[in-house]
Structure formats: structure tokens, C-alpha cells
file model-v3.cif (mmCIF, C-alpha atoms and all ligand atoms)
data_upload
loop_
_atom_site.label_atom_id
_atom_site.label_comp_id
_atom_site.auth_asym_id
_atom_site.auth_seq_id
_atom_site.Cartn_x
_atom_site.Cartn_y
_atom_site.Cartn_z
CA MET A 8 -22.42 -132.33 -39.55
CA ASN A 9 -22.96 -129.81 -36.79
CA GLU A 10 -26.51 -128.80 -36.06
CA ASP A 11 -27.22 -125.28 -34.78
CA VAL A 12 -30.47 -125.07 -32.82
CA PHE A 13 -32.13 -122.16 -31.07
CA ASP A 14 -35.06 -122.64 -28.72
CA GLU A 15 -37.37 -120.51 -26.60
CA LEU A 16 -39.35 -122.05 -23.81
CA PHE A 17 -41.54 -120.56 -21.12
CA CYS A 18 -40.59 -122.41 -17.96
CA MET A 19 -39.76 -121.66 -14.31
CA GLY A 20 -41.70 -118.41 -14.59
CA THR A 21 -39.48 -116.98 -17.29
CA VAL A 22 -38.43 -117.24 -20.92
CA ILE A 23 -35.57 -119.70 -21.30
CA THR A 24 -33.52 -119.52 -24.47
CA GLN A 25 -30.95 -122.05 -25.57
CA ARG A 26 -28.57 -122.19 -28.48
CA ILE A 27 -26.75 -125.45 -29.03
CA ILE A 28 -24.19 -126.11 -31.74
CA GLY A 29 -22.87 -129.62 -32.37
CA LYS A 30 -23.74 -133.10 -33.44
CA ASN A 31 -27.16 -134.18 -32.16
CA ALA A 32 -27.95 -130.65 -30.98
CA LYS A 33 -31.69 -131.31 -31.43
CA VAL A 34 -31.59 -134.43 -29.29
CA VAL A 35 -29.55 -132.60 -26.64
CA LEU A 36 -32.09 -129.78 -26.69
CA ASN A 37 -34.90 -132.24 -26.02
CA GLU A 38 -33.01 -133.66 -23.08
CA SER A 39 -32.34 -130.25 -21.55
CA VAL A 40 -35.96 -129.16 -22.05
CA GLU A 41 -37.09 -132.29 -20.20
CA GLU A 42 -34.67 -131.49 -17.37
CA LEU A 43 -35.92 -127.90 -17.11
CA LYS A 44 -39.52 -129.07 -16.95
CA LYS A 45 -38.58 -131.59 -14.29
CA ILE A 46 -36.89 -128.92 -12.17
CA GLU A 47 -39.93 -126.67 -12.52
CA LYS A 48 -42.20 -129.52 -11.47
CA LEU A 49 -40.10 -130.11 -8.33
CA MET A 50 -39.33 -126.55 -7.31
CA SER A 51 -42.28 -124.41 -8.36
CA TYR A 52 -43.85 -122.30 -5.59
CA PHE A 53 -47.26 -122.56 -7.23
CA ASP A 54 -47.61 -126.09 -8.62
CA SER A 55 -49.58 -128.13 -6.07
CA GLU A 56 -47.59 -131.24 -6.98
CA SER A 57 -44.16 -129.72 -6.44
CA ASP A 58 -41.90 -130.61 -3.53
CA VAL A 59 -41.75 -126.94 -2.54
CA TYR A 60 -45.55 -126.62 -2.46
CA LYS A 61 -45.88 -129.74 -0.34
CA ILE A 62 -43.17 -128.59 2.08
CA ASN A 63 -44.96 -125.26 2.49
CA LYS A 64 -48.41 -126.80 2.86
CA ASN A 65 -47.12 -129.07 5.62
CA ALA A 66 -45.16 -126.36 7.45
CA GLY A 67 -45.49 -126.86 11.20
CA ILE A 68 -47.38 -130.10 10.60
CA SER A 69 -45.21 -132.84 9.13
CA LYS A 70 -42.04 -133.53 7.24
CA VAL A 71 -42.27 -134.14 3.51
CA ASN A 72 -40.27 -136.62 1.46
CA VAL A 73 -38.56 -134.85 -1.40
CA ASN A 74 -36.58 -135.66 -4.52
CA ASP A 75 -32.75 -135.63 -4.22
CA GLU A 76 -32.51 -132.57 -6.46
CA THR A 77 -34.84 -130.54 -4.24
CA SER A 78 -32.97 -131.68 -1.17
CA PHE A 79 -29.64 -130.68 -2.73
CA VAL A 80 -30.85 -127.18 -3.63
CA ILE A 81 -32.28 -126.63 -0.14
CA GLN A 82 -29.08 -127.87 1.53
CA LYS A 83 -27.05 -125.50 -0.64
CA SER A 84 -29.49 -122.67 0.17
CA LEU A 85 -28.77 -123.18 3.85
CA GLU A 86 -25.03 -122.89 3.18
CA TYR A 87 -25.58 -119.59 1.37
CA SER A 88 -27.82 -118.31 4.18
CA LYS A 89 -25.06 -118.99 6.70
CA LEU A 90 -22.43 -117.47 4.43
CA THR A 91 -24.45 -114.28 3.96
CA ASN A 92 -25.80 -114.05 7.49
CA GLY A 93 -29.37 -114.49 6.25
CA ALA A 94 -29.27 -111.90 3.45
CA PHE A 95 -30.08 -114.86 1.23
CA ASP A 96 -32.91 -116.80 2.87
CA ILE A 97 -35.34 -119.08 1.06
CA THR A 98 -37.75 -118.88 4.02
CA ALA A 99 -38.52 -115.33 2.87
CA GLY A 100 -41.30 -117.12 0.94
CA VAL A 101 -44.24 -115.51 2.74
CA LEU A 102 -42.78 -112.03 2.24
CA SER A 103 -41.85 -112.66 -1.41
CA ASN A 104 -45.37 -113.86 -2.06
CA LEU A 105 -46.86 -110.85 -0.31
CA TRP A 106 -44.79 -108.45 -2.42
CA ARG A 107 -45.51 -110.44 -5.59
CA GLU A 108 -49.23 -109.97 -4.98
CA SER A 109 -48.80 -106.30 -4.12
CA THR A 110 -46.80 -105.73 -7.31
CA LYS A 111 -49.79 -106.98 -9.30
CA ILE A 112 -52.05 -104.31 -7.78
CA LYS A 113 -49.29 -101.72 -7.27
CA GLU A 114 -50.14 -101.28 -3.59
CA VAL A 115 -47.77 -101.44 -0.62
CA PRO A 116 -48.87 -104.17 1.82
CA ASP A 117 -50.16 -103.21 5.25
CA SER A 118 -47.26 -102.84 7.70
CA LYS A 119 -48.98 -105.18 10.19
CA ILE A 120 -49.06 -107.94 7.58
CA ILE A 121 -45.37 -107.38 6.85
CA LYS A 122 -44.62 -107.58 10.57
CA GLU A 123 -46.45 -110.91 10.80
CA GLY A 124 -44.68 -112.17 7.67
CA LYS A 125 -41.27 -111.35 9.12
CA LYS A 126 -41.95 -113.70 12.03
CA LEU A 127 -42.15 -116.56 9.55
CA VAL A 128 -38.66 -116.03 8.15
CA GLY A 129 -35.69 -117.96 9.46
CA TYR A 130 -33.52 -120.47 7.67
CA LYS A 131 -32.78 -122.12 11.01
CA ASP A 132 -36.39 -123.35 10.99
CA ILE A 133 -35.63 -125.68 8.08
CA VAL A 134 -35.12 -129.24 9.27
CA ILE A 135 -33.59 -131.32 6.52
CA ASP A 136 -32.17 -134.82 6.22
CA SER A 137 -31.20 -136.80 3.14
CA SER A 138 -34.78 -137.50 2.10
CA SER A 139 -37.14 -135.11 3.84
CA VAL A 140 -37.74 -131.47 4.70
CA PHE A 141 -39.75 -129.93 7.52
CA LEU A 142 -40.48 -126.29 8.29
CA LYS A 143 -40.93 -125.75 12.00
CA LYS A 144 -43.63 -123.04 11.98
CA ILE A 145 -47.16 -123.17 10.63
CA GLY A 146 -47.53 -120.70 7.76
CA GLN A 147 -43.84 -120.70 6.93
CA SER A 148 -42.86 -121.09 3.31
CA ILE A 149 -39.77 -121.51 1.18
CA ASP A 150 -39.30 -119.93 -2.23
CA LEU A 151 -36.41 -121.09 -4.44
CA GLY A 152 -36.82 -118.17 -6.87
CA ALA A 153 -33.37 -116.79 -6.08
CA ILE A 154 -31.46 -120.03 -6.64
CA ALA A 155 -33.38 -122.56 -8.76
CA LYS A 156 -32.56 -120.94 -12.09
CA GLY A 157 -28.88 -121.13 -11.26
CA TYR A 158 -29.24 -124.78 -10.37
CA ALA A 159 -31.09 -125.37 -13.64
CA ALA A 160 -28.38 -123.60 -15.66
CA ASP A 161 -25.73 -125.87 -14.13
CA LYS A 162 -27.82 -128.97 -14.96
CA VAL A 163 -28.35 -127.86 -18.56
CA ILE A 164 -24.62 -127.26 -19.03
CA GLU A 165 -23.94 -130.71 -17.58
CA ILE A 166 -26.28 -132.19 -20.18
CA TYR A 167 -24.54 -130.29 -23.00
CA LYS A 168 -21.11 -131.46 -21.87
CA LYS A 169 -22.17 -135.06 -21.33
CA ASN A 170 -23.34 -135.12 -24.94
CA GLY A 171 -20.11 -133.73 -26.33
CA ILE A 172 -21.46 -130.24 -27.10
CA LYS A 173 -18.62 -127.73 -27.20
CA SER A 174 -20.48 -124.53 -28.04
CA ALA A 175 -23.79 -123.44 -26.52
CA PHE A 176 -25.57 -121.08 -24.19
CA VAL A 177 -28.60 -121.09 -21.96
CA ASN A 178 -30.34 -117.94 -20.74
CA LEU A 179 -32.95 -118.33 -18.03
CA GLY A 180 -34.49 -114.86 -17.97
CA GLY A 181 -31.13 -113.17 -17.50
CA ASN A 182 -29.40 -116.01 -15.71
CA VAL A 183 -26.87 -116.93 -18.40
CA TYR A 184 -24.37 -119.75 -18.83
CA VAL A 185 -22.11 -119.95 -21.90
CA LEU A 186 -20.24 -123.07 -22.94
CA GLY A 187 -17.10 -122.87 -25.06
CA LYS A 188 -16.78 -120.25 -27.76
CA LYS A 189 -19.02 -119.10 -30.61
CA GLN A 190 -18.73 -120.91 -33.92
CA ASP A 191 -16.32 -118.28 -35.26
CA ASP A 192 -14.02 -119.07 -32.31
CA THR A 193 -14.66 -115.76 -30.54
CA PRO A 194 -15.98 -115.54 -26.96
CA TRP A 195 -19.69 -115.16 -26.24
CA LYS A 196 -20.82 -111.59 -25.59
CA ILE A 197 -23.19 -110.88 -22.70
CA GLY A 198 -24.66 -107.42 -22.20
CA ILE A 199 -25.14 -105.91 -18.76
CA GLN A 200 -28.39 -103.96 -18.69
CA ASN A 201 -28.59 -100.35 -17.59
CA PRO A 202 -30.72 -100.68 -14.43
CA ARG A 203 -32.50 -97.44 -15.33
CA GLY A 204 -32.79 -98.06 -19.06
CA MET A 205 -34.74 -100.24 -21.47
CA THR A 206 -33.88 -103.93 -21.83
CA SER A 207 -31.85 -103.11 -24.91
CA ASP A 208 -29.88 -100.35 -23.15
CA ILE A 209 -26.66 -101.96 -21.95
CA ILE A 210 -23.96 -100.26 -19.89
CA GLY A 211 -21.35 -102.61 -21.28
CA TYR A 212 -20.70 -106.20 -22.17
CA LEU A 213 -18.68 -109.19 -21.05
CA GLN A 214 -16.80 -111.53 -23.35
CA VAL A 215 -16.36 -114.90 -21.70
CA ASN A 216 -16.14 -118.66 -22.30
CA ASP A 217 -17.37 -121.39 -19.97
CA LYS A 218 -18.84 -118.96 -17.48
CA THR A 219 -22.14 -118.15 -15.90
CA VAL A 220 -23.25 -114.53 -15.64
CA VAL A 221 -26.06 -113.86 -13.18
CA THR A 222 -27.59 -110.50 -12.34
CA SER A 223 -29.89 -109.47 -9.51
CA GLY A 224 -31.42 -106.05 -9.99
CA ASP A 225 -34.22 -103.82 -8.79
CA TYR A 226 -35.50 -103.30 -12.33
CA GLN A 227 -36.53 -106.88 -13.09
CA ARG A 228 -39.86 -106.92 -11.25
CA TYR A 229 -41.12 -103.80 -9.49
CA PHE A 230 -43.70 -101.08 -9.12
CA ILE A 231 -43.32 -97.44 -8.17
CA LYS A 232 -45.62 -95.87 -5.63
CA ASP A 233 -45.28 -92.29 -4.33
CA GLY A 234 -41.83 -92.11 -5.89
CA VAL A 235 -40.57 -95.27 -4.15
CA ARG A 236 -39.46 -98.32 -6.11
CA TYR A 237 -40.75 -101.60 -4.64
CA HIS A 238 -39.03 -104.58 -6.27
CA HIS A 239 -38.71 -108.33 -5.81
CA ILE A 240 -35.58 -108.70 -3.66
CA ILE A 241 -36.57 -108.66 -0.03
CA ASN A 242 -34.60 -107.93 3.09
CA SER A 243 -36.17 -110.46 5.40
CA LYS A 244 -35.03 -108.50 8.45
CA THR A 245 -37.09 -105.44 7.47
CA GLY A 246 -39.74 -107.24 5.44
CA TYR A 247 -39.39 -104.68 2.63
CA PRO A 248 -37.66 -104.69 -0.77
CA GLU A 249 -34.08 -103.77 0.00
CA ASP A 250 -32.93 -100.25 -0.78
CA SER A 251 -29.24 -100.92 -0.24
CA GLY A 252 -27.95 -98.46 -2.79
CA ILE A 253 -27.26 -101.23 -5.31
CA THR A 254 -29.35 -101.22 -8.45
CA SER A 255 -27.71 -104.22 -10.08
CA VAL A 256 -25.13 -106.82 -9.11
CA THR A 257 -23.69 -109.29 -11.58
CA VAL A 258 -21.76 -112.37 -10.49
CA ILE A 259 -19.53 -114.21 -12.95
CA SER A 260 -18.50 -117.74 -11.98
CA ASN A 261 -18.31 -121.38 -13.02
CA ASN A 262 -21.20 -122.35 -10.78
CA SER A 263 -24.53 -120.79 -11.65
CA MET A 264 -26.31 -121.88 -8.47
CA LYS A 265 -23.67 -120.15 -6.37
CA ALA A 266 -23.73 -117.07 -8.61
CA ASP A 267 -27.54 -116.91 -8.34
CA ALA A 268 -27.62 -117.16 -4.54
CA VAL A 269 -24.66 -114.83 -4.05
CA SER A 270 -25.96 -112.14 -6.41
CA THR A 271 -29.29 -112.01 -4.58
CA ALA A 272 -27.48 -111.83 -1.23
CA MET A 273 -25.11 -109.09 -2.45
CA PHE A 274 -28.05 -107.02 -3.61
CA VAL A 275 -29.46 -107.15 -0.08
CA LEU A 276 -26.09 -106.53 1.58
CA GLY A 277 -25.23 -103.28 -0.20
CA VAL A 278 -21.88 -102.16 -1.61
CA LYS A 279 -19.69 -102.24 1.52
CA LYS A 280 -20.69 -105.69 2.73
CA THR A 281 -20.68 -106.98 -0.86
CA LEU A 282 -17.01 -106.05 -1.20
CA LYS A 283 -16.29 -107.87 2.07
CA LEU A 284 -18.17 -110.97 0.95
CA PHE A 285 -16.45 -110.87 -2.43
CA ASN A 286 -13.06 -111.06 -0.70
CA LYS A 287 -14.17 -114.19 1.15
CA LEU A 288 -15.24 -116.06 -2.00
CA ASP A 289 -13.10 -117.96 -4.48
CA ASN A 290 -13.53 -118.10 -8.23
CA ILE A 291 -16.04 -115.32 -8.69
CA ALA A 292 -15.95 -111.94 -10.32
CA ILE A 293 -18.46 -109.13 -9.79
CA ILE A 294 -19.82 -105.99 -11.40
CA VAL A 295 -21.87 -103.82 -9.07
CA ILE A 296 -23.82 -100.73 -10.13
CA SER A 297 -25.03 -98.36 -7.43
CA SER A 298 -27.84 -95.84 -7.41
CA ASN A 299 -25.32 -92.97 -7.33
CA ASP A 300 -23.98 -94.03 -10.73
CA LYS A 301 -20.87 -95.79 -9.53
CA ILE A 302 -19.73 -99.05 -11.00
CA TYR A 303 -17.44 -101.46 -9.18
CA ILE A 304 -15.65 -103.94 -11.41
CA SER A 305 -13.53 -106.72 -9.94
CA LYS A 306 -10.01 -106.75 -11.37
CA ASN A 307 -10.28 -110.42 -12.28
CA ILE A 308 -12.90 -109.59 -14.94
CA GLU A 309 -11.63 -106.18 -16.04
CA ASN A 310 -10.06 -107.50 -19.26
CA ASN A 311 -13.26 -109.29 -20.26
CA PHE A 312 -15.52 -106.29 -19.76
CA THR A 313 -16.10 -103.39 -22.14
CA LEU A 314 -17.78 -100.40 -20.54
CA LEU A 315 -19.93 -98.44 -22.99
CA ASN A 316 -21.66 -96.06 -20.61
CA LYS A 317 -19.24 -93.25 -19.88
CA ASN A 318 -21.43 -91.56 -17.27
CA LEU A 319 -20.56 -94.13 -14.64
CA ASP A 320 -17.82 -93.50 -12.12
CA VAL A 321 -15.62 -96.62 -12.24
CA SER A 322 -13.76 -98.29 -9.36
CA TYR A 323 -11.71 -101.43 -9.85
CA ILE A 324 -11.79 -103.67 -6.82
P1 LIG B 1 -33.01 -113.11 -7.91
O1 LIG B 1 -33.70 -112.52 -9.08
O2 LIG B 1 -32.19 -114.33 -8.18
O3 LIG B 1 -32.22 -112.10 -7.11
O4 LIG B 1 -34.13 -113.69 -6.95
C1 LIG B 1 -35.24 -112.93 -6.52
C2 LIG B 1 -36.36 -113.87 -6.18
O5 LIG B 1 -35.99 -114.67 -5.05
C3 LIG B 1 -37.61 -113.14 -5.75
O6 LIG B 1 -38.51 -113.03 -6.82
C4 LIG B 1 -38.18 -114.04 -4.64
O7 LIG B 1 -38.91 -115.10 -5.20
C5 LIG B 1 -36.93 -114.61 -4.01
N1 LIG B 1 -36.33 -113.77 -2.95
C6 LIG B 1 -36.55 -112.45 -2.69
N2 LIG B 1 -35.77 -112.00 -1.69
C7 LIG B 1 -35.00 -113.06 -1.31
C8 LIG B 1 -33.98 -113.23 -0.33
N3 LIG B 1 -33.59 -112.23 0.46
N4 LIG B 1 -33.42 -114.47 -0.21
C9 LIG B 1 -33.81 -115.48 -1.00
N5 LIG B 1 -34.76 -115.38 -1.94
C10 LIG B 1 -35.35 -114.19 -2.10
MG MG B 2 -30.49 -115.13 -7.32
#
call {"tool": "encode", "arguments": {"input": "model-v3.cif", "output": "C-alpha cells"}}
result
Amino acid sequence: MNEDVFDELFCMGTVITQRIIGKNAKVVLNESVEELKKIEKLMSYFDSESDVYKINKNAGISKVNVNDETSFVIQKSLEYSKLTNGAFDITAGVLSNLWRESTKIKEVPDSKIIKEGKKLVGYKDIVIDSSSVFLKKIGQSIDLGAIAKGYAADKVIEIYKKNGIKSAFVNLGGNVYVLGKKQDDTPWKIGIQNPRGMTSDIIGYLQVNDKTVVTSGDYQRYFIKDGVRYHHIINSKTGYPEDSGITSVTVISNNSMKADAVSTAMFVLGVKKTLKLFNKLDNIAIIVISSNDKIYISKNIENNFTLLNKNLDVSYI
């Protein structure tokens, strides 16, 4: 008999929902919850026992031995930094933290502090070997917030598959991975949020199987001050939340870690450079919404996407 379980968990700073259909679904759920908690324990920015915390605390002082999973995610992060010319950079940690704090009080940080923070960004300052990580400068810090959820989604899907689950999904605060089809044999439906609407206001939806759908947007965490939107995706070259003209970029792929890193990078890069980067990458599809109400849909996902919002000016790329 197939079990059909649904679970909500607060972990990795977000609400994680899972639906698993199959034999032993409850046991599989327990295993994936354990894995998610383990990843949080290793990669949290705040937990004083995490690898990330220890790396940051010892920046400029000493190298830190880390778990293989942490090492893997950091190595991959470096690849994505090179690929995106630093648009994606986990050493933006100091700046991300600064803006996180300022979002709480809805105040723009002092420009001098931002200038100092910028000096502590640079993925080339990460020294990594198979078992340890060292940040070259005192005060430097890494933040895996733009990639760890993708990594976690891939791990969860691996657990589902290993246990013979054929139909499931995991949603880590908008970072979605769907496995197989729904029970009625139709594809899973995933809504794409209107960046200027409520959570329930979707501009359209995707229908896919065995795919991850990851969105980076300026509406997920932000505050508005004097008419300017300050959000959580930082251009480490300026030190400020990026105003690239993109309000939301969705990456559809088989690899959630890649989709997570690339969507964050594309947000920072803006439409033109995003289209260039898209042409360099294999096995991904994208949907980009810009602040002037244009939507760019890659042709390789066109047939899986239903656009509901008719006010958007559509380009197929
Ligand atoms: P995402 O929602 O995946 O686009 O990731 C955004 C989160 O990643 C932020 O909350 C920060 O913790 C971190 N972050 C912000 N800007 C960057 C960046 N340029 N490169 C890497 N990580 C970033
Ligand atoms: Mg990301």
C-alpha cells in the first residue's frame, strides 16, 4: 500500500514542505528530515557549531577542518563564482549580514560601513583542500544562503530515489524539486509568483516532472526606504542590493544546487548578461521577469509554461 505523507518543517531559515507518495513514505520522510537538519547544522551562518561559523570565526587566523558535504558545497560555490565572474560570491557574507540587520530596522547602512564590507569580499580569498577551509582576511565571512537550499533539495531527492519513491516534491521556501508525476499521472504544477503581488498572485505556472524550479527575486526579503527597495541579493562589487532591472529569475534544471547558484547570479547580472550566461549553460531553462514588465521565457520550457498574466510583454529566447 502506498502511503501519502505531507510534512512542514522549519529548517535552514525557512519553511520546508515535503510530500512523499510510496511505500515507506513515513520512513523516507524521517530520513530526509534528518538529512535537512544535518545540512543546517553544518552550513548555518548563525549556529556556533556549524562548519560555516567556525570558518568565519577563524578567518585570517587558521584553517578549519570541515565535513565533506560542506567542502563540496564550497568547492562548487567557487566554480559558480568563476562562471559568473563573481556575481555569485559566498564571501559576500559580511555584506549580506549587514543588509540582513538593516532590513530588521528598515535603515540603510552607513556608506562607510558598506565600503569596509566590500573589502572583505573575494572568492579568491578562499583556500580550500579536501578537508579544510581557510579565509585569508580577518573579518571575512562566507554565507551559503544562495546555494545550500539547492544542495539540500538535491540530497532529499537522492534519498527519495534511493528508497524507491517515484512521486514526491520538496519545497524549501520556494526552492522546489519535483520527482516523477502526481498520483493521477499528471505533471506537478509550480506557480511563478508575481514579484509585485501577494504570495498567492502567480503570473503563470510550470508543469514539469523530475525538475527543480528555483527563483531568486527582490520580493522575498526586503524593505522600502524613501521609495527604494532594498532586498537580500547583493552585488558585492557595489555593496548594495542589486537593482539590475530583474525582479525575478527562475531557473529550471535537474540540479538544484546549480539552479540555486545560477539564479542568484543571474539576478545580479541583469537581463543582458543573463541571456549570455544562459547560452553558455547546458540543461537549464529560465524565466526572467524585469521591472519594466517584460518576461523572457526560454524556448526549451515554453511548452511547459502557462502564462496567466496578460500584462507582461513576452519574449521567447
Ligand atoms: P537566493 O535567495 O538563493 O538568491 O540567495 C540570497 C541569499 O544569498 C541572501 O539572503 C544572502 O544570504 C546570500 N547572498 C546575497 N547576495 C549574494 C551573492 N551575490 N552571492 C552569493 N550569495 C549571496
Ligand atoms: Mg540562490
call {"tool": "atom_distance", "arguments": {"input": "model-v3.cif", "atom1": "CA of Ile304 (chain A)", "atom2": "CA of Ile197 (chain A)"}}
result
15.2 Å
call {"tool": "residues_near_ligand", "arguments": {"input": "model-v3.cif", "ligand": "ligand MG 2 (chain B)", "cutoff": "8 Å", "atoms": "all atoms listed in the file", "output": "list in words"}}
result
Gly152, Ala153, Ile154, Lys156, Gly157, Val221, Thr222, Ser223, Ala266, Asp267, Ala268, Val269, Ser270, Thr271 and Ala272 of chain A
call {"tool": "residues_around", "arguments": {"input": "model-v3.cif", "residues": "Gly20 (chain A)", "least_positions_apart": "6", "cutoff": "9 Å", "atoms": "only C-alpha atoms", "output": "list in words"}}
result
Glu47, Ser51 and Gly180 of chain A
call {"tool": "residues_around", "arguments": {"input": "model-v3.cif", "residues": "Val321 (chain A)", "least_positions_apart": "2", "cutoff": "10 Å", "atoms": "all atoms listed in the file", "output": "PDB file with C-alpha atoms, keeping the file's coordinate frame"}}
result
ATOM      1  CA  ILE A 296     -23.820-100.730 -10.130  1.00  0.00           C
ATOM      2  CA  ASP A 300     -23.980 -94.030 -10.730  1.00  0.00           C
ATOM      3  CA  LYS A 301     -20.870 -95.790  -9.530  1.00  0.00           C
ATOM      4  CA  ILE A 302     -19.730 -99.050 -11.000  1.00  0.00           C
ATOM      5  CA  TYR A 303     -17.440-101.460  -9.180  1.00  0.00           C
ATOM      6  CA  ILE A 304     -15.650-103.940 -11.410  1.00  0.00           C
ATOM      7  CA  LEU A 314     -17.780-100.400 -20.540  1.00  0.00           C
ATOM      8  CA  LYS A 317     -19.240 -93.250 -19.880  1.00  0.00           C
ATOM      9  CA  ASN A 318     -21.430 -91.560 -17.270  1.00  0.00           C
ATOM     10  CA  LEU A 319     -20.560 -94.130 -14.640  1.00  0.00           C
ATOM     11  CA  TYR A 323     -11.710-101.430  -9.850  1.00  0.00           C
ATOM     12  CA  ILE A 324     -11.790-103.670  -6.820  1.00  0.00           C
TER      13      ILE A 324
END
call {"tool": "residues_around", "arguments": {"input": "model-v3.cif", "residues": "region 81-90 of chain A", "least_positions_apart": "5", "cutoff": "7 Å", "atoms": "only C-alpha atoms", "output": "list in words"}}
result
Phe95, Asp96, Ile97, Tyr130 and Ala268 of chain A
call {"tool": "write_last_selection", "arguments": {"input": "model-v3.cif", "atoms": "C-alpha atoms", "output": "PDB file, keeping the file's coordinate frame"}}
result
ATOM      1  CA  PHE A  95     -30.080-114.860   1.230  1.00  0.00           C
ATOM      2  CA  ASP A  96     -32.910-116.800   2.870  1.00  0.00           C
ATOM      3  CA  ILE A  97     -35.340-119.080   1.060  1.00  0.00           C
ATOM      4  CA  TYR A 130     -33.520-120.470   7.670  1.00  0.00           C
ATOM      5  CA  ALA A 268     -27.620-117.160  -4.540  1.00  0.00           C
TER       6      ALA A 268
END
call {"tool": "residues_around", "arguments": {"input": "model-v3.cif", "residues": "Ile23 (chain A)", "least_positions_apart": "2", "cutoff": "7 Å", "atoms": "only C-alpha atoms", "output": "VMD selection string"}}
result
chain A and resid 15 to 18 21 25 178 to 180
call {"tool": "write_last_selection", "arguments": {"input": "model-v3.cif", "atoms": "C-alpha atoms", "output": "mmCIF file, keeping the file's coordinate frame"}}
result
data_model
loop_
_atom_site.group_PDB
_atom_site.id
_atom_site.type_symbol
_atom_site.label_atom_id
_atom_site.label_comp_id
_atom_site.auth_asym_id
_atom_site.auth_seq_id
_atom_site.Cartn_x
_atom_site.Cartn_y
_atom_site.Cartn_z
ATOM 1 C CA GLU A 15 -37.370 -120.510 -26.600
ATOM 2 C CA LEU A 16 -39.350 -122.050 -23.810
ATOM 3 C CA PHE A 17 -41.540 -120.560 -21.120
ATOM 4 C CA CYS A 18 -40.590 -122.410 -17.960
ATOM 5 C CA THR A 21 -39.480 -116.980 -17.290
ATOM 6 C CA GLN A 25 -30.950 -122.050 -25.570
ATOM 7 C CA ASN A 178 -30.340 -117.940 -20.740
ATOM 8 C CA LEU A 179 -32.950 -118.330 -18.030
ATOM 9 C CA GLY A 180 -34.490 -114.860 -17.970
#
call {"tool": "closest_residue", "arguments": {"input": "model-v3.cif", "among": "A:Val12, A:Ile231, A:Leu315, A:Val80", "to": "Lys33 (chain A)", "atoms": "all atoms listed in the file"}}
result
A:Val12
call {"tool": "residues_near_point", "arguments": {"input": "model-v3.cif", "point": "(-40.7, -107.8, -1.3)", "cutoff": "7 Å", "atoms": "only C-alpha atoms", "output": "count of residues only"}}
result
12
call {"tool": "closest_residue", "arguments": {"input": "model-v3.cif", "among": "A:Val35, A:Leu49, A:Gly181, A:Thr110", "to": "Tyr237 (chain A)", "atoms": "only C-alpha atoms"}}
result
A:Thr110
call {"tool": "closest_residue", "arguments": {"input": "model-v3.cif", "among": "A:Phe176, A:Phe79, A:Phe141, A:Tyr158", "to": "ligand LIG 1 (chain B)", "atoms": "only C-alpha atoms and all ligand atoms"}}
result
A:Tyr158
call {"tool": "build_atoms", "arguments": {"input": "model-v3.cif", "residues": "region 136-155 of chain A", "atoms": "N, CA and C atoms", "output": "compact mmCIF listing (two decimals), keeping the file's coordinate frame"}}
result
# COMPACT_ATOMS: atom_id res chain seq x y z
N ASP A 136 -33.09 -133.67 6.25
CA ASP A 136 -32.17 -134.82 6.22
C ASP A 136 -32.08 -135.28 4.77
N SER A 137 -31.48 -136.43 4.53
CA SER A 137 -31.20 -136.80 3.14
C SER A 137 -32.47 -136.94 2.30
N SER A 138 -33.60 -137.26 2.93
CA SER A 138 -34.78 -137.50 2.10
C SER A 138 -35.99 -136.64 2.42
N SER A 139 -35.93 -135.87 3.51
CA SER A 139 -37.14 -135.11 3.84
C SER A 139 -36.82 -133.69 4.32
N VAL A 140 -37.86 -132.86 4.26
CA VAL A 140 -37.74 -131.47 4.70
C VAL A 140 -38.94 -131.11 5.56
N PHE A 141 -38.68 -130.38 6.61
CA PHE A 141 -39.75 -129.93 7.52
C PHE A 141 -39.50 -128.48 7.90
N LEU A 142 -40.56 -127.66 7.80
CA LEU A 142 -40.48 -126.29 8.29
C LEU A 142 -41.14 -126.25 9.66
N LYS A 143 -40.47 -125.65 10.61
CA LYS A 143 -40.93 -125.75 12.00
C LYS A 143 -42.26 -125.02 12.28
N LYS A 144 -42.46 -123.86 11.62
CA LYS A 144 -43.63 -123.04 11.98
C LYS A 144 -44.78 -123.13 10.97
N ILE A 145 -45.97 -123.20 11.49
CA ILE A 145 -47.16 -123.17 10.63
C ILE A 145 -47.17 -121.84 9.86
N GLY A 146 -47.46 -121.92 8.58
CA GLY A 146 -47.53 -120.70 7.76
C GLY A 146 -46.22 -120.35 7.09
N GLN A 147 -45.14 -120.99 7.53
CA GLN A 147 -43.84 -120.70 6.93
C GLN A 147 -43.81 -121.19 5.48
N SER A 148 -42.99 -120.55 4.65
CA SER A 148 -42.86 -121.09 3.31
C SER A 148 -41.50 -120.78 2.69
N ILE A 149 -41.03 -121.73 1.89
CA ILE A 149 -39.77 -121.51 1.18
C ILE A 149 -40.07 -121.15 -0.28
N ASP A 150 -39.17 -120.36 -0.85
CA ASP A 150 -39.30 -119.93 -2.23
C ASP A 150 -37.90 -120.05 -2.84
N LEU A 151 -37.75 -120.87 -3.87
CA LEU A 151 -36.41 -121.09 -4.44
C LEU A 151 -36.13 -120.16 -5.63
N GLY A 152 -36.93 -119.10 -5.73
CA GLY A 152 -36.82 -118.17 -6.87
C GLY A 152 -35.45 -117.52 -7.05
N ALA A 153 -34.66 -117.46 -5.97
CA ALA A 153 -33.37 -116.79 -6.08
C ALA A 153 -32.23 -117.76 -6.34
N ILE A 154 -32.53 -119.05 -6.48
CA ILE A 154 -31.46 -120.03 -6.64
C ILE A 154 -31.75 -121.13 -7.68
N ALA A 155 -33.04 -121.41 -7.91
CA ALA A 155 -33.38 -122.56 -8.76
C ALA A 155 -32.95 -122.38 -10.22
